[in-house]
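Visitor: Structure supplied as data.csv; contents: CSV, N, CA and C atoms.
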chain,number,residue,atom,x,y,z
A,1,MET,N,161.3,147.2,103.5
A,1,MET,CA,160.1,148.0,103.4
A,1,MET,C,160.2,149.2,104.3
A,2,PHE,N,160.9,149.2,105.4
A,2,PHE,CA,161.1,150.4,106.2
A,2,PHE,C,162.5,150.6,106.4
A,3,ASP,N,162.8,151.9,106.9
A,3,ASP,CA,164.2,152.3,107.2
A,3,ASP,C,164.6,151.9,108.6
A,4,HIS,N,163.7,152.2,109.5
A,4,HIS,CA,163.9,151.9,110.9
A,4,HIS,C,162.6,151.8,111.7
A,5,VAL,N,162.6,151.1,112.8
A,5,VAL,CA,161.5,151.1,113.7
A,5,VAL,C,162.0,151.5,115.0
A,6,LYS,N,161.4,152.5,115.7
A,6,LYS,CA,161.8,153.0,117.0
A,6,LYS,C,160.7,152.9,117.9
A,7,PHE,N,160.9,152.3,119.1
A,7,PHE,CA,159.8,152.3,120.1
A,7,PHE,C,160.4,152.4,121.5
A,8,GLY,N,159.5,152.9,122.4
A,8,GLY,CA,159.9,153.1,123.8
A,8,GLY,C,159.8,151.9,124.6
A,9,VAL,N,160.7,151.8,125.6
A,9,VAL,CA,160.8,150.7,126.5
A,9,VAL,C,160.8,151.2,127.9
A,10,SER,N,160.3,150.4,128.9
A,10,SER,CA,160.1,150.9,130.3
A,10,SER,C,161.4,150.7,131.1
A,11,ASP,N,162.3,149.8,130.7
A,11,ASP,CA,163.5,149.6,131.4
A,11,ASP,C,164.6,149.4,130.3
A,12,TYR,N,165.3,150.5,130.0
A,12,TYR,CA,166.2,150.6,128.9
A,12,TYR,C,167.3,149.5,129.0
A,13,ALA,N,167.9,149.4,130.2
A,13,ALA,CA,169.0,148.4,130.4
A,13,ALA,C,168.5,147.0,130.1
A,14,ALA,N,167.4,146.6,130.7
A,14,ALA,CA,166.9,145.3,130.5
A,14,ALA,C,166.5,145.0,129.0
A,15,SER,N,165.9,146.0,128.4
A,15,SER,CA,165.5,145.8,127.0
A,15,SER,C,166.7,145.7,126.1
A,16,LYS,N,167.7,146.6,126.3
A,16,LYS,CA,168.9,146.6,125.5
A,16,LYS,C,169.6,145.2,125.6
A,17,SER,N,169.8,144.7,126.9
A,17,SER,CA,170.4,143.4,127.1
A,17,SER,C,169.6,142.3,126.4
A,18,PHE,N,168.3,142.3,126.5
A,18,PHE,CA,167.4,141.3,125.9
A,18,PHE,C,167.6,141.3,124.4
A,19,TYR,N,167.4,142.4,123.8
A,19,TYR,CA,167.5,142.5,122.3
A,19,TYR,C,168.9,142.1,121.8
A,20,LEU,N,169.9,142.6,122.4
A,20,LEU,CA,171.3,142.2,122.0
A,20,LEU,C,171.5,140.7,122.0
A,21,LYS,N,171.1,140.1,123.1
A,21,LYS,CA,171.2,138.6,123.2
A,21,LYS,C,170.3,137.9,122.3
A,22,ALA,N,169.0,138.3,122.3
A,22,ALA,CA,168.0,137.5,121.5
A,22,ALA,C,168.3,137.6,120.0
A,23,LEU,N,168.8,138.7,119.5
A,23,LEU,CA,169.0,138.9,118.1
A,23,LEU,C,170.4,138.6,117.6
A,24,ALA,N,171.3,138.3,118.5
A,24,ALA,CA,172.7,137.9,118.1
A,24,ALA,C,172.7,136.8,117.1
A,25,PRO,N,171.9,135.7,117.3
A,25,PRO,CA,171.9,134.6,116.3
A,25,PRO,C,171.5,135.1,114.9
A,26,LEU,N,170.8,136.2,114.8
A,26,LEU,CA,170.4,136.7,113.5
A,26,LEU,C,171.4,137.7,112.9
A,27,GLY,N,172.5,137.9,113.6
A,27,GLY,CA,173.6,138.8,113.2
A,27,GLY,C,173.4,140.2,113.5
A,28,VAL,N,172.5,140.5,114.4
A,28,VAL,CA,172.2,141.9,114.8
A,28,VAL,C,173.1,142.4,115.9
A,29,VAL,N,173.6,143.6,115.8
A,29,VAL,CA,174.5,144.2,116.8
A,29,VAL,C,174.1,145.6,117.0
A,30,ALA,N,174.7,146.2,118.0
A,30,ALA,CA,174.5,147.7,118.3
A,30,ALA,C,175.4,148.4,117.3
A,31,VAL,N,174.8,149.3,116.6
A,31,VAL,CA,175.6,150.1,115.6
A,31,VAL,C,175.7,151.6,116.1
A,32,SER,N,174.9,152.0,117.0
A,32,SER,CA,175.0,153.4,117.6
A,32,SER,C,174.2,153.4,118.9
A,33,GLU,N,174.6,154.3,119.8
A,33,GLU,CA,173.9,154.4,121.0
A,33,GLU,C,174.1,155.8,121.6
A,34,GLY,N,173.1,156.4,122.2
A,34,GLY,CA,173.2,157.7,122.9
A,34,GLY,C,172.7,157.5,124.3
A,35,VAL,N,172.3,158.6,124.9
A,35,VAL,CA,171.7,158.5,126.3
A,35,VAL,C,170.4,157.7,126.2
A,36,PRO,N,170.0,157.0,127.3
A,36,PRO,CA,168.8,156.2,127.2
A,36,PRO,C,167.6,156.8,126.6
A,37,THR,N,167.4,158.1,126.8
A,37,THR,CA,166.2,158.7,126.2
A,37,THR,C,166.3,158.9,124.7
A,38,TYR,N,167.5,158.8,124.2
A,38,TYR,CA,167.7,158.8,122.7
A,38,TYR,C,167.7,157.4,122.3
A,39,GLY,N,168.5,156.5,123.0
A,39,GLY,CA,168.4,155.1,122.7
A,39,GLY,C,169.6,154.5,122.0
A,40,ILE,N,169.3,153.3,121.5
A,40,ILE,CA,170.2,152.4,120.8
A,40,ILE,C,169.7,152.0,119.4
A,41,GLU,N,170.6,151.9,118.4
A,41,GLU,CA,170.2,151.4,117.1
A,41,GLU,C,170.8,150.0,116.9
A,42,LEU,N,170.0,149.1,116.5
A,42,LEU,CA,170.4,147.7,116.3
A,42,LEU,C,170.2,147.3,114.9
A,43,CYS,N,171.1,146.6,114.3
A,43,CYS,CA,171.0,146.1,112.9
A,43,CYS,C,172.2,145.2,112.6
A,44,PRO,N,172.1,144.4,111.5
A,44,PRO,CA,173.3,143.7,111.0
A,44,PRO,C,174.4,144.7,110.7
A,45,PRO,N,175.6,144.4,110.8
A,45,PRO,CA,176.7,145.4,110.6
A,45,PRO,C,176.6,146.2,109.3
A,46,GLU,N,176.3,145.5,108.2
A,46,GLU,CA,176.1,146.2,106.9
A,46,GLU,C,174.7,146.4,106.6
A,47,GLY,N,173.8,146.3,107.6
A,47,GLY,CA,172.3,146.4,107.3
A,47,GLY,C,171.9,147.8,106.9
A,48,LYS,N,170.7,147.8,106.3
A,48,LYS,CA,170.1,149.1,105.9
A,48,LYS,C,168.8,149.4,106.7
A,49,VAL,N,168.4,148.4,107.5
A,49,VAL,CA,167.2,148.5,108.2
A,49,VAL,C,167.5,148.3,109.7
A,50,SER,N,167.0,149.2,110.6
A,50,SER,CA,167.4,149.0,112.0
A,50,SER,C,166.2,149.1,112.9
A,51,LEU,N,166.4,148.6,114.1
A,51,LEU,CA,165.5,148.6,115.2
A,51,LEU,C,166.1,149.6,116.3
A,52,CYS,N,165.3,150.5,116.8
A,52,CYS,CA,165.8,151.5,117.7
A,52,CYS,C,164.9,151.4,119.0
A,53,LEU,N,165.6,151.5,120.1
A,53,LEU,CA,164.9,151.4,121.4
A,53,LEU,C,165.3,152.6,122.2
A,54,PHE,N,164.3,153.2,123.0
A,54,PHE,CA,164.7,154.3,123.9
A,54,PHE,C,163.8,154.2,125.1
A,55,GLN,N,164.4,154.8,126.2
A,55,GLN,CA,163.7,154.8,127.5
A,55,GLN,C,162.5,155.8,127.5
A,56,THR,N,161.4,155.4,128.0
A,56,THR,CA,160.2,156.3,128.1
A,56,THR,C,159.3,155.8,129.3
A,57,GLU,N,158.6,156.7,129.8
A,57,GLU,CA,157.6,156.4,130.8
A,57,GLU,C,156.2,156.1,130.2
A,58,GLU,N,156.1,156.5,128.9
A,58,GLU,CA,154.8,156.3,128.2
A,58,GLU,C,154.5,154.8,128.1
A,59,LYS,N,153.2,154.4,128.1
A,59,LYS,CA,152.8,153.1,128.0
A,59,LYS,C,152.1,152.8,126.6
A,60,PRO,N,152.9,152.6,125.6
A,60,PRO,CA,152.3,152.4,124.3
A,60,PRO,C,151.6,151.0,124.2
A,61,ALA,N,150.8,150.8,123.2
A,61,ALA,CA,150.2,149.4,122.9
A,61,ALA,C,151.4,148.5,122.6
A,62,HIS,N,151.1,147.2,122.8
A,62,HIS,CA,152.1,146.2,122.5
A,62,HIS,C,152.3,146.1,121.0
A,63,LEU,N,153.5,145.7,120.6
A,63,LEU,CA,153.9,145.6,119.2
A,63,LEU,C,154.1,144.1,118.9
A,64,HIS,N,154.0,143.8,117.6
A,64,HIS,CA,154.5,142.6,117.1
A,64,HIS,C,155.5,142.9,116.0
A,65,ILE,N,156.7,142.5,116.2
A,65,ILE,CA,157.8,142.7,115.3
A,65,ILE,C,158.4,141.4,114.9
A,66,ALA,N,158.5,141.1,113.6
A,66,ALA,CA,159.1,139.9,113.0
A,66,ALA,C,160.4,140.2,112.4
A,67,PHE,N,161.4,139.4,112.8
A,67,PHE,CA,162.8,139.6,112.2
A,67,PHE,C,163.0,138.5,111.2
A,68,VAL,N,163.7,138.8,110.1
A,68,VAL,CA,164.0,137.8,109.1
A,68,VAL,C,165.1,136.9,109.6
A,69,ALA,N,165.0,135.6,109.4
A,69,ALA,CA,166.0,134.6,109.7
A,69,ALA,C,166.3,133.9,108.3
A,70,GLU,N,167.5,133.7,108.0
A,70,GLU,CA,167.9,133.1,106.7
A,70,GLU,C,167.7,131.6,106.8
A,71,THR,N,167.8,131.0,108.0
A,71,THR,CA,167.7,129.6,108.1
A,71,THR,C,166.8,129.2,109.3
A,72,ARG,N,166.3,128.0,109.3
A,72,ARG,CA,165.5,127.5,110.4
A,72,ARG,C,166.4,127.4,111.7
A,73,GLN,N,167.6,127.1,111.5
A,73,GLN,CA,168.5,127.0,112.6
A,73,GLN,C,168.7,128.4,113.3
A,74,GLN,N,168.6,129.4,112.6
A,74,GLN,CA,168.7,130.8,113.2
A,74,GLN,C,167.4,131.0,114.0
A,75,VAL,N,166.3,130.6,113.5
A,75,VAL,CA,165.0,130.7,114.3
A,75,VAL,C,165.2,130.0,115.6
A,76,ASP,N,165.7,128.7,115.6
A,76,ASP,CA,165.9,127.9,116.8
A,76,ASP,C,166.8,128.7,117.7
A,77,ALA,N,167.9,129.2,117.2
A,77,ALA,CA,168.9,129.9,118.0
A,77,ALA,C,168.3,131.2,118.6
A,78,PHE,N,167.6,131.9,117.9
A,78,PHE,CA,166.9,133.1,118.4
A,78,PHE,C,166.0,132.7,119.6
A,79,HIS,N,165.2,131.7,119.4
A,79,HIS,CA,164.3,131.3,120.5
A,79,HIS,C,165.1,130.9,121.8
A,80,ARG,N,166.1,130.1,121.6
A,80,ARG,CA,167.0,129.8,122.8
A,80,ARG,C,167.6,131.0,123.4
A,81,ALA,N,168.2,131.9,122.6
A,81,ALA,CA,168.9,133.1,123.1
A,81,ALA,C,167.9,134.0,123.8
A,82,ALA,N,166.7,134.2,123.2
A,82,ALA,CA,165.7,135.1,123.8
A,82,ALA,C,165.2,134.6,125.1
A,83,LEU,N,165.0,133.3,125.3
A,83,LEU,CA,164.6,132.7,126.5
A,83,LEU,C,165.7,132.9,127.6
A,84,GLU,N,167.0,132.7,127.2
A,84,GLU,CA,168.1,132.9,128.1
A,84,GLU,C,168.3,134.3,128.5
A,85,ALA,N,167.8,135.3,127.6
A,85,ALA,CA,167.9,136.7,127.9
A,85,ALA,C,166.7,137.2,128.7
A,86,GLY,N,165.8,136.3,129.1
A,86,GLY,CA,164.7,136.7,130.0
A,86,GLY,C,163.4,136.8,129.3
A,87,GLY,N,163.3,136.5,128.0
A,87,GLY,CA,162.0,136.5,127.3
A,87,GLY,C,161.1,135.4,127.7
A,88,LYS,N,159.9,135.5,127.4
A,88,LYS,CA,158.9,134.4,127.7
A,88,LYS,C,158.4,133.8,126.4
A,89,ASP,N,158.4,132.5,126.4
A,89,ASP,CA,157.9,131.7,125.2
A,89,ASP,C,156.5,132.1,124.9
A,90,ASN,N,156.3,132.4,123.6
A,90,ASN,CA,155.0,132.7,123.0
A,90,ASN,C,154.7,131.9,121.8
A,91,GLY,N,155.5,130.8,121.6
A,91,GLY,CA,155.4,129.9,120.4
A,91,GLY,C,156.7,129.3,120.1
A,92,GLU,N,156.9,128.1,120.4
A,92,GLU,CA,158.2,127.4,120.1
A,92,GLU,C,158.5,127.4,118.6
A,93,PRO,N,159.8,127.2,118.2
A,93,PRO,CA,160.1,127.1,116.8
A,93,PRO,C,159.3,126.0,116.1
A,94,GLY,N,158.8,126.3,114.9
A,94,GLY,CA,158.1,125.3,114.2
A,94,GLY,C,157.4,125.9,113.0
A,95,LEU,N,156.9,125.0,112.1
A,95,LEU,CA,156.2,125.4,111.0
A,95,LEU,C,154.8,126.0,111.4
A,96,ARG,N,154.4,127.0,110.6
A,96,ARG,CA,153.1,127.6,110.8
A,96,ARG,C,152.4,127.6,109.5
A,97,PRO,N,151.9,126.4,109.1
A,97,PRO,CA,151.3,126.2,107.7
A,97,PRO,C,150.1,127.1,107.5
A,98,LYS,N,149.5,127.6,108.6
A,98,LYS,CA,148.3,128.5,108.3
A,98,LYS,C,148.7,129.8,107.6
A,99,TYR,N,150.0,130.1,107.7
A,99,TYR,CA,150.5,131.3,107.0
A,99,TYR,C,151.0,130.9,105.6
A,100,HIS,N,151.8,129.9,105.5
A,100,HIS,CA,152.2,129.3,104.3
A,100,HIS,C,153.1,128.1,104.6
A,101,ALA,N,153.2,127.2,103.6
A,101,ALA,CA,153.8,125.9,103.8
A,101,ALA,C,155.2,125.9,104.4
A,102,ASN,N,156.0,127.0,104.2
A,102,ASN,CA,157.4,127.0,104.6
A,102,ASN,C,157.6,128.1,105.8
A,103,TYR,N,156.5,128.6,106.3
A,103,TYR,CA,156.6,129.6,107.4
A,103,TYR,C,157.1,129.0,108.7
A,104,TYR,N,158.4,129.1,109.0
A,104,TYR,CA,159.0,128.5,110.2
A,104,TYR,C,159.3,129.7,111.1
A,105,ALA,N,158.7,129.7,112.3
A,105,ALA,CA,158.9,130.8,113.2
A,105,ALA,C,158.9,130.4,114.6
A,106,ALA,N,159.4,131.4,115.4
A,106,ALA,CA,159.3,131.3,116.9
A,106,ALA,C,158.9,132.6,117.4
A,107,PHE,N,158.2,132.6,118.6
A,107,PHE,CA,157.7,133.8,119.1
A,107,PHE,C,158.1,134.0,120.6
A,108,ILE,N,158.4,135.2,121.0
A,108,ILE,CA,158.9,135.5,122.4
A,108,ILE,C,158.2,136.8,122.8
A,109,ILE,N,157.9,136.8,124.1
A,109,ILE,CA,157.4,138.1,124.7
A,109,ILE,C,158.6,138.7,125.4
A,110,ASP,N,158.8,140.0,125.0
A,110,ASP,CA,160.0,140.7,125.5
A,110,ASP,C,159.7,141.3,126.8
A,111,PRO,N,160.6,142.1,127.5
A,111,PRO,CA,160.4,142.6,128.8
A,111,PRO,C,159.2,143.6,128.9
A,112,ASP,N,158.8,144.2,127.8
A,112,ASP,CA,157.7,145.1,127.9
A,112,ASP,C,156.4,144.5,127.4
A,113,GLY,N,156.4,143.2,127.1
A,113,GLY,CA,155.2,142.5,126.6
A,113,GLY,C,155.0,142.5,125.1
A,114,HIS,N,156.0,142.9,124.4
A,114,HIS,CA,155.9,142.9,122.9
A,114,HIS,C,156.1,141.5,122.4
A,115,ASN,N,155.4,141.2,121.3
A,115,ASN,CA,155.5,139.8,120.7
A,115,ASN,C,156.6,139.9,119.6
A,116,ILE,N,157.7,139.3,119.9
A,116,ILE,CA,158.9,139.3,119.0
A,116,ILE,C,159.0,138.0,118.3
A,117,GLU,N,159.2,138.0,117.0
A,117,GLU,CA,159.2,136.8,116.2
A,117,GLU,C,160.5,136.8,115.3
A,118,ALA,N,161.0,135.6,115.1
A,118,ALA,CA,162.0,135.3,114.1
A,118,ALA,C,161.3,134.4,113.1
A,119,VAL,N,161.4,134.7,111.8
A,119,VAL,CA,160.8,133.8,110.8
A,119,VAL,C,161.7,133.6,109.6
A,120,CYS,N,161.6,132.3,109.2
A,120,CYS,CA,162.4,131.9,108.0
A,120,CYS,C,161.3,131.4,107.0
A,121,HIS,N,161.4,131.9,105.7
A,121,HIS,CA,160.4,131.5,104.7
A,121,HIS,C,161.0,130.5,103.8
A,122,ALA,N,162.2,130.0,104.0
A,122,ALA,CA,162.9,129.1,103.1
A,122,ALA,C,162.3,127.7,103.3
A,123,ALA,N,162.3,126.9,102.2
A,123,ALA,CA,161.9,125.5,102.2
A,123,ALA,C,163.0,124.7,102.8
A,124,GLY,N,162.6,123.5,103.4
A,124,GLY,CA,163.6,122.6,103.8
A,124,GLY,C,164.0,122.7,105.3
A,125,ALA,N,164.8,121.8,105.7
A,125,ALA,CA,165.2,121.7,107.2
A,125,ALA,C,166.3,122.7,107.5
Since I need it in another form, could you write the structure as structure tokens?
Guide:
Amino acid sequence: MFDHVKFGVSDYAASKSFYLKALAPLGVVAVSEGVPTYGIELCPPEGKVSLCLFQTEEKPAHLHIAFVAETRQQVDAFHRAALEAGGKDNGEPGLRPKYHANYYAAFIIDPDGHNIEAVCHAAGA
């Protein structure tokens, strides 16, 4: 639905490290990088949609970004990796039937307070 999402972060090095580790289980890698005020572009190696981060002193409102996971195991791995990368738990992996019967997701608060989610819509374990 979108080509890329770009948002500012208060500590570029910390956010870069967090997102690289937290999104690795989803196949996301750095595909380009410039100076911190330009930032870094993250996506799957052959992906067409990317997330871009850049250093800023501005204080934007918190975001909620949901990343696609192909399997529930990827959601679990995202949650573990994000916690190890310094994120704060905002919802352990599990079904969220209030959204739909197969909505399996986990939520993490990133270094800037953004609500980061990995979600799998597939049925089954």
Visitor: List every residue of range 41-97 of chain A that has an atom at most 8 Å from any atom of range 107-119 of chain A, giving for each one its closest atom pair and the distance in Å to one decimal, counting only N, CA and C atoms, sorted by chain and then by ascending residue number, as JSON lines.
Guide:
{"residue": "A:Ala61", "atom": "C", "partner": "A:His114", "partner_atom": "CA", "distance": 7.2}
{"residue": "A:His62", "atom": "CA", "partner": "A:His114", "partner_atom": "CA", "distance": 5.0}
{"residue": "A:Leu63", "atom": "C", "partner": "A:Asn115", "partner_atom": "N", "distance": 4.0}
{"residue": "A:His64", "atom": "CA", "partner": "A:Asn115", "partner_atom": "C", "distance": 4.2}
{"residue": "A:Ile65", "atom": "C", "partner": "A:Glu117", "partner_atom": "N", "distance": 4.1}
{"residue": "A:Ala66", "atom": "CA", "partner": "A:Glu117", "partner_atom": "C", "distance": 4.1}
{"residue": "A:Phe67", "atom": "N", "partner": "A:Glu117", "partner_atom": "C", "distance": 3.7}
{"residue": "A:Val68", "atom": "C", "partner": "A:Val119", "partner_atom": "C", "distance": 4.7}
{"residue": "A:Ala69", "atom": "N", "partner": "A:Val119", "partner_atom": "C", "distance": 3.9}
{"residue": "A:Glu70", "atom": "N", "partner": "A:Val119", "partner_atom": "C", "distance": 6.0}
{"residue": "A:Thr71", "atom": "C", "partner": "A:Val119", "partner_atom": "C", "distance": 6.7}
{"residue": "A:Arg72", "atom": "CA", "partner": "A:Val119", "partner_atom": "C", "distance": 7.2}
{"residue": "A:Gln74", "atom": "C", "partner": "A:Ala118", "partner_atom": "CA", "distance": 6.9}
{"residue": "A:Val75", "atom": "CA", "partner": "A:Ala118", "partner_atom": "C", "distance": 5.4}
{"residue": "A:Asp76", "atom": "N", "partner": "A:Ala118", "partner_atom": "C", "distance": 7.6}
{"residue": "A:Phe78", "atom": "CA", "partner": "A:Ala118", "partner_atom": "CA", "distance": 6.9}
{"residue": "A:His79", "atom": "CA", "partner": "A:Phe107", "partner_atom": "N", "distance": 6.5}
{"residue": "A:Ala82", "atom": "C", "partner": "A:Ile108", "partner_atom": "CA", "distance": 6.9}
{"residue": "A:Leu83", "atom": "N", "partner": "A:Ile108", "partner_atom": "CA", "distance": 7.1}
{"residue": "A:Ala85", "atom": "C", "partner": "A:Pro111", "partner_atom": "N", "distance": 7.9}
{"residue": "A:Gly86", "atom": "C", "partner": "A:Pro111", "partner_atom": "N", "distance": 6.3}
{"residue": "A:Gly87", "atom": "CA", "partner": "A:Ile109", "partner_atom": "C", "distance": 4.5}
{"residue": "A:Lys88", "atom": "C", "partner": "A:Ile109", "partner_atom": "N", "distance": 3.8}
{"residue": "A:Asp89", "atom": "CA", "partner": "A:Ile108", "partner_atom": "CA", "distance": 4.8}
{"residue": "A:Asn90", "atom": "N", "partner": "A:Phe107", "partner_atom": "C", "distance": 3.8}
{"residue": "A:Gly91", "atom": "C", "partner": "A:Phe107", "partner_atom": "N", "distance": 3.9}
{"residue": "A:Glu92", "atom": "N", "partner": "A:Phe107", "partner_atom": "N", "distance": 5.0}
{"residue": "A:Pro93", "atom": "N", "partner": "A:Phe107", "partner_atom": "N", "distance": 5.6}
{"residue": "A:Gly94", "atom": "N", "partner": "A:Phe107", "partner_atom": "N", "distance": 7.3}
Visitor: Restricting the calculation to only N, CA and C atoms: of A:Leu53, A:Leu42, A:Cys120, A:Val9, which residue gets closest to Gln73 in chain A?
Guide: A:Cys120
Visitor: Which of these, A:Ala105, A:Glu58, A:Asp11, A:Leu26, has the shortest distance to Gly39 in chain A once you count only C-alpha atoms?
Guide: A:Asp11
Visitor: Enumerate the residues of range 69-109 of chain A with a DSSP assignment of alpha helix (DSSP H), computed from the backbone, and present them as a PyMOL selection string.
Guide: chain A and resi 72-84
Visitor: When distances are computed from only C-alpha atoms, which of A:Asp3, A:Glu84, A:Gly47, A:Tyr38 shows the smallest separation from Ser17 in chain A?
Guide: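 Closest to Ser17 in chain A of all the choices is A:Glu84.
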Visitor: Here is a test: counting all atoms listed in the file, which residue of A:Lys48, A:His121, A:His100, A:Lys59 is nearest to Gly8 in chain A?
Guide: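 Looking only at the distances to Gly8 in chain A, the closest residue turns out to be A:Lys59.
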Visitor: What are the DSSP strand (DSSP E or B) residues of range 10-123 of chain A, as number ranges by chain?
Guide: A: 29-33, 40-43, 50-55, 64-68, 88-95, 104-109, 115-120
Visitor: For the selection you just gave me, I'd like the residues written to a file as a short mmCIF file (atom, residue, chain, number, x, y, z; two decimals), in the coordinates of the input, keeping N, CA and C atoms.
Guide:
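selection14.cif was written with the following content:
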data_model
loop_
_atom_site.label_atom_id
_atom_site.label_comp_id
_atom_site.auth_asym_id
_atom_site.auth_seq_id
_atom_site.Cartn_x
_atom_site.Cartn_y
_atom_site.Cartn_z
N VAL A 29 173.60 143.60 115.80
CA VAL A 29 174.50 144.20 116.80
C VAL A 29 174.10 145.60 117.00
N ALA A 30 174.70 146.20 118.00
CA ALA A 30 174.50 147.70 118.30
C ALA A 30 175.40 148.40 117.30
N VAL A 31 174.80 149.30 116.60
CA VAL A 31 175.60 150.10 115.60
C VAL A 31 175.70 151.60 116.10
N SER A 32 174.90 152.00 117.00
CA SER A 32 175.00 153.40 117.60
C SER A 32 174.20 153.40 118.90
N GLU A 33 174.60 154.30 119.80
CA GLU A 33 173.90 154.40 121.00
C GLU A 33 174.10 155.80 121.60
N ILE A 40 169.30 153.30 121.50
CA ILE A 40 170.20 152.40 120.80
C ILE A 40 169.70 152.00 119.40
N GLU A 41 170.60 151.90 118.40
CA GLU A 41 170.20 151.40 117.10
C GLU A 41 170.80 150.00 116.90
N LEU A 42 170.00 149.10 116.50
CA LEU A 42 170.40 147.70 116.30
C LEU A 42 170.20 147.30 114.90
N CYS A 43 171.10 146.60 114.30
CA CYS A 43 171.00 146.10 112.90
C CYS A 43 172.20 145.20 112.60
N SER A 50 167.00 149.20 110.60
CA SER A 50 167.40 149.00 112.00
C SER A 50 166.20 149.10 112.90
N LEU A 51 166.40 148.60 114.10
CA LEU A 51 165.50 148.60 115.20
C LEU A 51 166.10 149.60 116.30
N CYS A 52 165.30 150.50 116.80
CA CYS A 52 165.80 151.50 117.70
C CYS A 52 164.90 151.40 119.00
N LEU A 53 165.60 151.50 120.10
CA LEU A 53 164.90 151.40 121.40
C LEU A 53 165.30 152.60 122.20
N PHE A 54 164.30 153.20 123.00
CA PHE A 54 164.70 154.30 123.90
C PHE A 54 163.80 154.20 125.10
N GLN A 55 164.40 154.80 126.20
CA GLN A 55 163.70 154.80 127.50
C GLN A 55 162.50 155.80 127.50
N HIS A 64 154.00 143.80 117.60
CA HIS A 64 154.50 142.60 117.10
C HIS A 64 155.50 142.90 116.00
N ILE A 65 156.70 142.50 116.20
CA ILE A 65 157.80 142.70 115.30
C ILE A 65 158.40 141.40 114.90
N ALA A 66 158.50 141.10 113.60
CA ALA A 66 159.10 139.90 113.00
C ALA A 66 160.40 140.20 112.40
N PHE A 67 161.40 139.40 112.80
CA PHE A 67 162.80 139.60 112.20
C PHE A 67 163.00 138.50 111.20
N VAL A 68 163.70 138.80 110.10
CA VAL A 68 164.00 137.80 109.10
C VAL A 68 165.10 136.90 109.60
N LYS A 88 159.90 135.50 127.40
CA LYS A 88 158.90 134.40 127.70
C LYS A 88 158.40 133.80 126.40
N ASP A 89 158.40 132.50 126.40
CA ASP A 89 157.90 131.70 125.20
C ASP A 89 156.50 132.10 124.90
N ASN A 90 156.30 132.40 123.60
CA ASN A 90 155.00 132.70 123.00
C ASN A 90 154.70 131.90 121.80
N GLY A 91 155.50 130.80 121.60
CA GLY A 91 155.40 129.90 120.40
C GLY A 91 156.70 129.30 120.10
N GLU A 92 156.90 128.10 120.40
CA GLU A 92 158.20 127.40 120.10
C GLU A 92 158.50 127.40 118.60
N PRO A 93 159.80 127.20 118.20
CA PRO A 93 160.10 127.10 116.80
C PRO A 93 159.30 126.00 116.10
N GLY A 94 158.80 126.30 114.90
CA GLY A 94 158.10 125.30 114.20
C GLY A 94 157.40 125.90 113.00
N LEU A 95 156.90 125.00 112.10
CA LEU A 95 156.20 125.40 111.00
C LEU A 95 154.80 126.00 111.40
N TYR A 104 158.40 129.10 109.00
CA TYR A 104 159.00 128.50 110.20
C TYR A 104 159.30 129.70 111.10
N ALA A 105 158.70 129.70 112.30
CA ALA A 105 158.90 130.80 113.20
C ALA A 105 158.90 130.40 114.60
N ALA A 106 159.40 131.40 115.40
CA ALA A 106 159.30 131.30 116.90
C ALA A 106 158.90 132.60 117.40
N PHE A 107 158.20 132.60 118.60
CA PHE A 107 157.70 133.80 119.10
C PHE A 107 158.10 134.00 120.60
N ILE A 108 158.40 135.20 121.00
CA ILE A 108 158.90 135.50 122.40
C ILE A 108 158.20 136.80 122.80
N ILE A 109 157.90 136.80 124.10
CA ILE A 109 157.40 138.10 124.70
C ILE A 109 158.60 138.70 125.40
N ASN A 115 155.40 141.20 121.30
CA ASN A 115 155.50 139.80 120.70
C ASN A 115 156.60 139.90 119.60
N ILE A 116 157.70 139.30 119.90
CA ILE A 116 158.90 139.30 119.00
C ILE A 116 159.00 138.00 118.30
N GLU A 117 159.20 138.00 117.00
CA GLU A 117 159.20 136.80 116.20
C GLU A 117 160.50 136.80 115.30
N ALA A 118 161.00 135.60 115.10
CA ALA A 118 162.00 135.30 114.10
C ALA A 118 161.30 134.40 113.10
N VAL A 119 161.40 134.70 111.80
CA VAL A 119 160.80 133.80 110.80
C VAL A 119 161.70 133.60 109.60
N CYS A 120 161.60 132.30 109.20
CA CYS A 120 162.40 131.90 108.00
C CYS A 120 161.30 131.40 107.00
#
Visitor: Find the distance between atom N of Leu95 in chain A and CA of Arg80 in chain A and write it in Å to one decimal.
Guide: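 The value is 15.5 Å.
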Visitor: Provide the atom N of Ile40 in chain A to atom C of Ala22 in chain A distance in Å, to one decimal place.
Guide: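 These two atoms are separated by 15.8 Å.
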Visitor: How far is it from CA of Leu20 in chain A to CA of Ala81 in chain A, in Å with one decimal?
Guide: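 So the two atoms, CA of Leu20 in chain A and CA of Ala81 in chain A, lie 9.5 Å apart.
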Visitor: Leaving out Thr37 in chain A and any residue of its chain fewer than 6 positions from it, which residues lie within 8 Å of it when counting all atoms listed in the file, given as a PyMOL selection string?
Guide: chain A and resi 12+53-56
Visitor: Between A:Val31, A:Ala106, A:Leu51, A:Ala101, which is the closest to Phe7 in chain A once you count all atoms listed in the file?
Guide: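 Closest candidate: A:Leu51.
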